[in-house]
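Trainee: My file is run.txt. It has compact mmCIF, C-alpha atoms:
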# COMPACT_ATOMS: atom_id res chain seq x y z
CA ARG C 2 -91.72 -78.22 -52.94
CA ALA C 3 -91.76 -78.71 -49.13
CA GLY C 4 -88.78 -80.57 -47.80
CA SER C 5 -86.55 -80.06 -50.89
CA LEU C 6 -83.56 -77.87 -51.01
CA HIS C 7 -82.94 -75.68 -54.07
CA PRO C 8 -79.73 -73.65 -54.27
CA GLN C 9 -80.60 -70.06 -54.70
CA ARG C 10 -78.98 -68.35 -57.71
CA SER C 11 -77.51 -64.91 -57.40
CA ARG C 12 -78.50 -62.24 -59.85
CA THR C 13 -75.03 -62.06 -61.10
CA GLY C 14 -75.02 -65.69 -62.11
CA THR C 15 -72.68 -66.81 -59.33
CA CYS C 16 -73.17 -69.01 -56.41
CA PRO C 17 -73.58 -67.48 -53.00
CA GLY C 18 -70.23 -66.92 -51.34
CA ALA C 19 -68.29 -67.24 -54.67
CA THR C 20 -65.77 -64.58 -55.53
CA SER C 21 -66.60 -62.54 -58.60
CA LEU C 22 -63.57 -62.08 -60.90
CA ALA C 23 -65.44 -59.71 -63.14
CA GLY C 24 -65.48 -56.98 -60.58
CA ASP C 25 -61.85 -57.57 -59.54
CA ALA C 26 -60.57 -57.49 -63.15
CA THR C 27 -61.31 -53.78 -63.27
CA ASN C 28 -59.09 -53.19 -60.24
CA MET C 29 -55.80 -52.06 -61.83
CA SER C 30 -53.91 -52.60 -58.59
CA SER C 31 -54.93 -56.20 -58.06
CA PRO C 32 -52.24 -58.92 -58.12
CA PHE C 33 -53.91 -60.47 -61.15
CA THR C 34 -53.77 -57.22 -63.13
CA ARG C 35 -50.13 -56.51 -62.14
CA ALA C 36 -49.21 -60.01 -63.24
CA ARG C 37 -50.87 -59.49 -66.64
CA ARG C 38 -49.18 -56.10 -67.13
CA THR C 39 -45.82 -57.54 -66.20
CA ALA C 40 -46.30 -60.45 -68.59
CA ARG C 41 -47.15 -58.01 -71.41
CA GLY C 42 -44.00 -55.92 -70.74
CA LEU C 43 -45.91 -52.93 -69.46
CA ALA C 44 -44.02 -52.72 -66.19
CA PRO C 45 -40.30 -53.11 -66.96
CA ALA C 46 -39.39 -51.80 -63.54
CA LEU C 47 -40.68 -55.07 -62.10
CA LEU C 48 -38.52 -57.25 -64.42
CA PRO C 49 -35.20 -58.63 -63.17
CA ILE C 50 -32.28 -56.25 -63.97
CA VAL C 51 -28.95 -57.67 -65.24
CA SER C 52 -25.92 -55.32 -65.06
CA LEU C 53 -23.00 -55.96 -67.45
CA VAL C 54 -19.75 -54.48 -66.11
CA ALA C 55 -16.68 -54.51 -68.44
CA ALA C 56 -13.67 -56.00 -66.76
CA ALA C 57 -10.65 -53.67 -66.47
CA PRO C 58 -7.67 -54.69 -68.68
CA MET C 59 -4.98 -56.59 -66.90
CA ALA C 60 -2.00 -54.45 -65.93
CA ARG C 61 0.93 -54.75 -68.39
CA ALA C 62 4.29 -55.74 -67.04
CA GLN C 63 6.80 -52.90 -66.86
CA ASP C 64 8.61 -52.44 -70.20
CA PRO C 65 12.41 -52.66 -70.05
CA THR C 66 14.67 -49.73 -70.92
CA VAL C 67 16.89 -49.71 -73.99
CA GLN C 68 20.11 -47.79 -74.61
CA PHE C 69 23.31 -47.92 -76.64
CA ALA C 70 26.11 -50.07 -75.27
CA LEU C 71 28.67 -47.32 -76.05
CA ALA C 72 28.53 -43.55 -76.57
CA THR C 73 31.20 -43.45 -79.32
CA GLN C 74 33.11 -45.70 -81.69
CA GLN C 75 35.87 -45.20 -84.27
CA VAL C 76 36.48 -47.15 -87.45
CA ALA C 77 39.02 -46.81 -90.25
CA GLU C 78 37.66 -46.01 -93.69
CA GLY C 79 38.94 -49.38 -94.86
CA GLY C 80 37.75 -51.11 -91.69
CA GLY C 81 34.75 -52.81 -93.28
CA ALA C 82 31.76 -53.44 -90.99
CA LEU C 83 31.08 -51.98 -87.55
CA PHE C 84 28.40 -53.35 -85.18
CA ILE C 85 26.50 -50.75 -83.17
CA GLU C 86 24.99 -52.51 -80.16
CA CYS C 87 21.88 -51.70 -78.13
CA LEU C 88 21.03 -53.31 -74.78
CA LEU C 89 17.76 -54.03 -72.95
CA SER C 90 17.66 -53.80 -69.18
CA ALA C 91 15.66 -57.08 -69.09
CA PRO C 92 14.27 -59.57 -71.61
CA HIS C 93 10.76 -58.97 -72.93
CA THR C 94 8.11 -61.51 -73.89
CA GLN C 95 7.36 -59.44 -77.02
CA GLN C 96 9.55 -58.16 -79.84
CA VAL C 97 11.22 -54.81 -79.14
CA GLU C 98 12.06 -52.39 -81.96
CA VAL C 99 14.23 -49.27 -81.79
CA PRO C 100 14.25 -46.77 -84.72
CA PHE C 101 17.04 -44.25 -85.32
CA ALA C 102 17.49 -40.77 -86.79
CA LEU C 103 20.77 -40.12 -88.65
CA SER C 104 22.84 -36.94 -88.78
CA GLY C 105 26.47 -35.87 -89.24
CA ALA C 106 28.95 -35.12 -92.03
CA ALA C 107 29.20 -38.73 -93.24
CA THR C 108 26.30 -39.70 -95.49
CA ILE C 109 24.56 -42.74 -96.96
CA PRO C 110 25.55 -44.22 -99.41
CA ALA C 111 28.71 -42.22 -100.16
CA ASP C 112 30.41 -42.96 -96.83
CA PHE C 113 28.52 -45.88 -95.24
CA THR C 114 25.42 -48.05 -95.34
CA LEU C 115 23.30 -49.21 -92.41
CA SER C 116 21.55 -52.57 -92.08
CA PRO C 117 18.96 -53.02 -90.75
CA THR C 118 17.69 -49.48 -90.28
CA ARG C 119 16.45 -50.23 -86.74
CA ALA C 120 17.48 -52.52 -83.88
CA ILE C 121 15.12 -55.49 -83.43
CA PHE C 122 15.11 -57.59 -80.23
CA PRO C 123 13.39 -60.98 -80.57
CA PRO C 124 11.39 -62.05 -77.49
CA GLY C 125 13.78 -62.98 -74.70
CA ALA C 126 16.82 -61.19 -76.20
CA THR C 127 18.70 -58.42 -74.41
CA SER C 128 21.20 -57.48 -77.15
CA ALA C 129 20.57 -56.29 -80.70
CA GLY C 130 21.89 -53.65 -83.05
CA VAL C 131 22.67 -52.50 -86.56
CA THR C 132 25.72 -52.91 -88.77
CA ALA C 133 27.41 -49.94 -90.46
CA THR C 134 29.43 -50.92 -93.53
CA ILE C 135 32.08 -48.29 -94.26
CA VAL C 136 32.71 -47.30 -97.88
CA SER C 137 36.39 -47.02 -98.81
CA ASP C 138 37.33 -44.49 -101.49
CA ALA C 139 40.48 -42.86 -102.83
CA LEU C 140 39.52 -39.28 -101.92
CA TYR C 141 40.93 -37.37 -98.99
CA GLU C 142 37.95 -36.26 -96.91
CA GLY C 143 39.33 -35.96 -93.41
CA ASP C 144 37.70 -37.75 -90.48
CA GLU C 145 33.90 -37.74 -90.65
CA ASP C 146 31.19 -38.50 -88.09
CA PHE C 147 27.70 -39.90 -88.27
CA VAL C 148 25.31 -39.86 -85.33
CA LEU C 149 22.48 -42.26 -84.45
CA THR C 150 19.77 -40.83 -82.20
CA MET C 151 17.11 -43.18 -80.81
CA GLY C 152 13.51 -42.61 -81.78
CA ILE C 153 10.50 -43.90 -79.81
CA PRO C 154 11.00 -47.62 -79.04
CA ILE C 155 8.24 -50.20 -79.39
CA ASN C 156 7.66 -52.27 -76.21
CA ALA C 157 10.47 -50.48 -74.37
CA THR C 158 11.36 -47.07 -72.97
CA LYS C 159 14.50 -45.04 -73.56
CA GLY C 160 17.39 -45.50 -71.17
CA ALA C 161 20.17 -43.06 -70.32
CA LEU C 162 22.39 -43.45 -73.43
CA THR C 163 20.28 -42.62 -76.50
CA VAL C 164 22.88 -41.00 -78.82
CA HIS C 165 25.77 -42.83 -80.48
CA THR C 166 28.55 -41.17 -82.54
CA VAL C 167 30.73 -43.07 -85.03
CA THR C 168 33.91 -41.44 -86.36
CA ILE C 169 35.24 -42.68 -89.70
CA LEU C 170 39.02 -42.23 -89.76
CA ASP C 171 40.19 -41.23 -93.25
CA ASP C 172 42.99 -43.42 -94.61
CA ASP C 173 43.73 -41.41 -97.76
CA PRO C 174 46.84 -39.17 -97.95
CA LEU C 175 46.57 -35.40 -97.73
CA PRO C 176 46.88 -33.80 -101.20
CA THR C 177 49.44 -31.10 -101.88
CA VAL C 178 48.65 -27.69 -103.37
CA ALA C 179 50.81 -25.09 -105.10
CA PHE C 180 50.37 -22.05 -107.31
CA ALA C 181 49.86 -23.08 -110.91
CA THR C 182 52.79 -20.92 -112.08
CA GLY C 183 55.68 -19.10 -110.46
CA GLY C 184 54.72 -15.77 -112.05
CA SER C 185 53.21 -13.96 -115.01
CA ILE C 186 53.62 -10.60 -116.79
CA HIS C 187 50.72 -8.32 -117.74
CA ASP C 188 50.18 -4.79 -119.07
CA GLU C 189 48.37 -2.58 -116.59
CA GLY C 190 45.62 -2.17 -119.14
CA ALA C 191 44.99 -5.93 -119.15
CA GLY C 192 42.12 -5.52 -116.72
CA GLN C 193 41.36 -8.67 -114.75
CA VAL C 194 43.87 -11.50 -114.45
CA PHE C 195 43.68 -14.71 -112.43
CA VAL C 196 46.09 -16.43 -110.08
CA SER C 197 45.42 -20.16 -109.70
CA ALA C 198 46.29 -22.85 -107.17
CA GLN C 199 46.33 -26.52 -108.16
CA LEU C 200 46.12 -29.85 -106.29
CA ASP C 201 48.11 -32.96 -107.13
CA ALA C 202 44.99 -35.11 -106.42
CA ILE C 203 41.27 -34.49 -106.16
CA ALA C 204 39.98 -34.08 -102.61
CA GLY C 205 36.54 -34.95 -101.28
CA VAL C 206 36.43 -31.76 -99.22
CA ALA C 207 37.04 -28.10 -100.00
CA VAL C 208 40.67 -26.97 -99.89
CA GLN C 209 41.35 -23.43 -98.76
CA VAL C 210 44.62 -21.71 -99.70
CA PRO C 211 45.23 -18.46 -97.80
CA PHE C 212 47.78 -15.93 -99.00
CA THR C 213 49.27 -12.57 -98.16
CA VAL C 214 49.94 -9.85 -100.74
CA GLY C 215 53.15 -7.84 -101.09
CA GLY C 216 55.33 -6.35 -103.83
CA THR C 217 56.04 -2.87 -105.16
CA ALA C 218 52.57 -2.20 -106.61
CA THR C 219 50.21 -0.21 -104.43
CA PRO C 220 46.78 -1.62 -103.52
CA VAL C 221 43.82 0.39 -104.90
CA ASP C 222 46.11 2.72 -106.95
CA ASP C 223 47.59 -0.13 -108.99
CA TYR C 224 45.33 -3.14 -108.37
CA THR C 225 42.49 -4.63 -106.36
CA ILE C 226 42.14 -8.24 -105.36
CA GLY C 227 38.86 -10.03 -104.74
CA ALA C 228 39.70 -12.27 -101.77
CA SER C 229 42.37 -13.27 -99.29
CA SER C 230 42.30 -16.98 -100.14
CA ILE C 231 41.75 -19.39 -103.01
CA VAL C 232 39.09 -22.07 -102.53
CA ILE C 233 39.27 -25.35 -104.45
CA PRO C 234 35.83 -27.03 -104.35
CA PRO C 235 35.44 -30.76 -103.56
CA GLY C 236 36.05 -32.84 -106.67
CA SER C 237 38.07 -30.11 -108.41
CA LEU C 238 41.80 -29.86 -109.03
CA SER C 239 42.14 -26.09 -109.04
CA GLY C 240 40.76 -22.75 -107.95
CA SER C 241 41.69 -19.13 -108.59
CA VAL C 242 41.43 -15.55 -107.39
CA ALA C 243 40.87 -12.46 -109.57
CA VAL C 244 43.32 -9.56 -109.57
CA THR C 245 42.09 -6.37 -111.29
CA LEU C 246 44.86 -4.15 -112.66
CA VAL C 247 44.31 -0.37 -112.62
CA ASP C 248 45.25 1.51 -115.80
CA ASP C 249 46.44 4.97 -114.77
CA PRO C 250 48.03 7.83 -116.81
CA ASP C 251 51.22 7.77 -114.74
CA ILE C 252 54.37 6.39 -116.26
CA ASP C 253 55.57 3.81 -113.79
CA PRO C 254 58.43 1.41 -113.91
CA GLY C 255 57.50 -2.22 -113.79
CA GLU C 256 55.76 -3.05 -110.53
CA THR C 257 55.17 -6.36 -108.85
CA ILE C 258 52.30 -8.01 -107.00
CA VAL C 259 53.50 -10.93 -104.90
CA LEU C 260 51.15 -13.55 -103.42
CA ALA C 261 52.72 -15.65 -100.67
CA MET C 262 50.88 -18.87 -99.73
CA GLY C 263 49.94 -19.48 -96.12
CA ALA C 264 49.08 -22.83 -94.47
CA PRO C 265 46.37 -24.55 -96.53
CA THR C 266 43.31 -26.28 -95.04
CA ASN C 267 42.77 -29.94 -96.10
CA ALA C 268 45.99 -29.94 -98.12
CA ALA C 269 49.74 -29.58 -97.64
CA ALA C 270 51.73 -26.78 -99.27
CA GLY C 271 53.65 -28.14 -102.24
CA LEU C 272 56.37 -26.85 -104.52
CA ILE C 273 55.78 -25.06 -107.80
CA ASP C 274 57.22 -27.21 -110.57
CA ARG C 275 55.79 -25.34 -113.52
As a first step, turn the structure in this file into structure tokens.

Mentor:
Amino acid sequence: RAGSLHPQRSRTGTCPGATSLAGDATNMSSPFTRARRTARGLAPALLPIVSLVAAAPMARAQDPTVQFALATQQVAEGGGALFIECLLSAPHTQQVEVPFALSGAATIPADFTLSPTRAIFPPGATSAGVTATIVSDALYEGDEDFVLTMGIPINATKGALTVHTVTILDDDPLPTVAFATGGSIHDEGAGQVFVSAQLDAIAGVAVQVPFTVGGTATPVDDYTIGASSIVIPPGSLSGSVAVTLVDDPDIDPGETIVLAMGAPTNAAAGLIDR
């Protein structure tokens, strides 16, 4: 109708000058499409990235060193308890423990006991140790040692003095030893005979009794002897040596084999009273 205005419709159903979203939705590079892809998780590279970095452990304070207070100690067999001290170079905020390895001629529990078996430093302490309780007996054993060697400490490092030696001084008298008899008589056909040495008290160590051989009998032709000393084992009162007599066709006057005692080991030479 003349004089009236009628908006003209576009064939696409949009008003003139309007932007068509239908055509732009097919554009995969449009901002709208990128936003939809990002929202659906299709473009993780565009999401914010959070990096988690583990913090490095804090540096630990320097551990102190630990060592024995002394290199050696002596204690009488009847001396009771002996404290073996260890020292830290500085106090520690944590407990320090020091294990030991044991060696030596003295043994647990025959000669001593140890309590505790390791040195334990409470936090803040710089001195600790173990107590050796010495066992007193009635056996002569001679002086004996035991040695403590530090193992790997906990919360400390080894210092300079890591070995400690304790000497137990024997307080029992030295036993005496003598031949069991002053002599004996045998036919040459008797074969093997024994000469014995006897202690007046049992010893806790082996006693060795050396001797020399003399007399009118001839070695090999008239006799052979098995050793040059008599050994009395620990815990025994006597020991002996074998003498083998040789029976020959010769007519010989009586012959002698004389054993003369030398200086014994772990005993004193006594007098024959039998």

Trainee: Which of these residues is nearest to Gly240 (chain C), using all atoms listed in the file: C:Asn267, C:Ala218, C:Glu256, C:Ala207?

Mentor: C:Ala207

Trainee: Restricting the calculation to all atoms listed in the file: of C:Val214, C:Ala126, C:Ala243, C:Leu238, which residue gets closest to Phe195 (chain C)?

Mentor: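 Of C:Val214, C:Ala126, C:Ala243, C:Leu238, the one nearest Phe195 (chain C), counting all atoms listed in the file, is C:Ala243.
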
Trainee: Please list as a list in words every residue within 7 Å of Ala133 (chain C), counting all atoms listed in the file and excluding residues in the same chain fewer than 2 positions away.

Mentor: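 So the residues in contact are Ala82, Leu83, Phe84, Phe113, Thr114, Leu115, Ser116, Val131 and Ile135 of chain C.
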
Trainee: Counting only C-alpha atoms, what is within 7 Å of Leu89 (chain C), bar same-chain residues fewer than 3 positions away, as a PyMOL selection string?

Mentor: chain C and resi 65-68+92+127-128

Trainee: If we count all atoms listed in the file, what is near region 260-262 of chain C at a cut-off of 7 Å, once residues fewer than 5 positions away on the same chain are taken out, given as a PyMOL selection string?

Mentor: chain C and resi 210-215

Trainee: Give me the residues near region 172-185 of chain C as a list of chain:residue names, where near means some atom within 7 Å (using only C-alpha atoms) and where sequence neighbours in that chain fewer than 5 positions away do not count.

Mentor: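 These residues fall inside the cut-off: C:Ala77, C:Glu78, C:Ala139, C:Leu140, C:Tyr141, C:Ser197, C:Ala198, C:Gln199, C:Leu200, C:Asp201, C:Ala202, C:Asn267, C:Ala268, C:Ala269, C:Ala270, C:Gly271, C:Leu272, C:Ile273, C:Arg275.
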
Trainee: Extract, using only C-alpha atoms, all DNA, RNA and protein residues at most 7 Å from His165 (chain C), discarding same-chain residues fewer than 5 positions from it, and format them as JSON, numbers by chain.

Mentor: {"C": [69, 71, 72, 73, 148, 149, 150]}

Trainee: Closest to Ser237 (chain C) among C:Val208, C:Glu98, C:Thr217, C:Gly80, using only C-alpha atoms?

Mentor: C:Val208
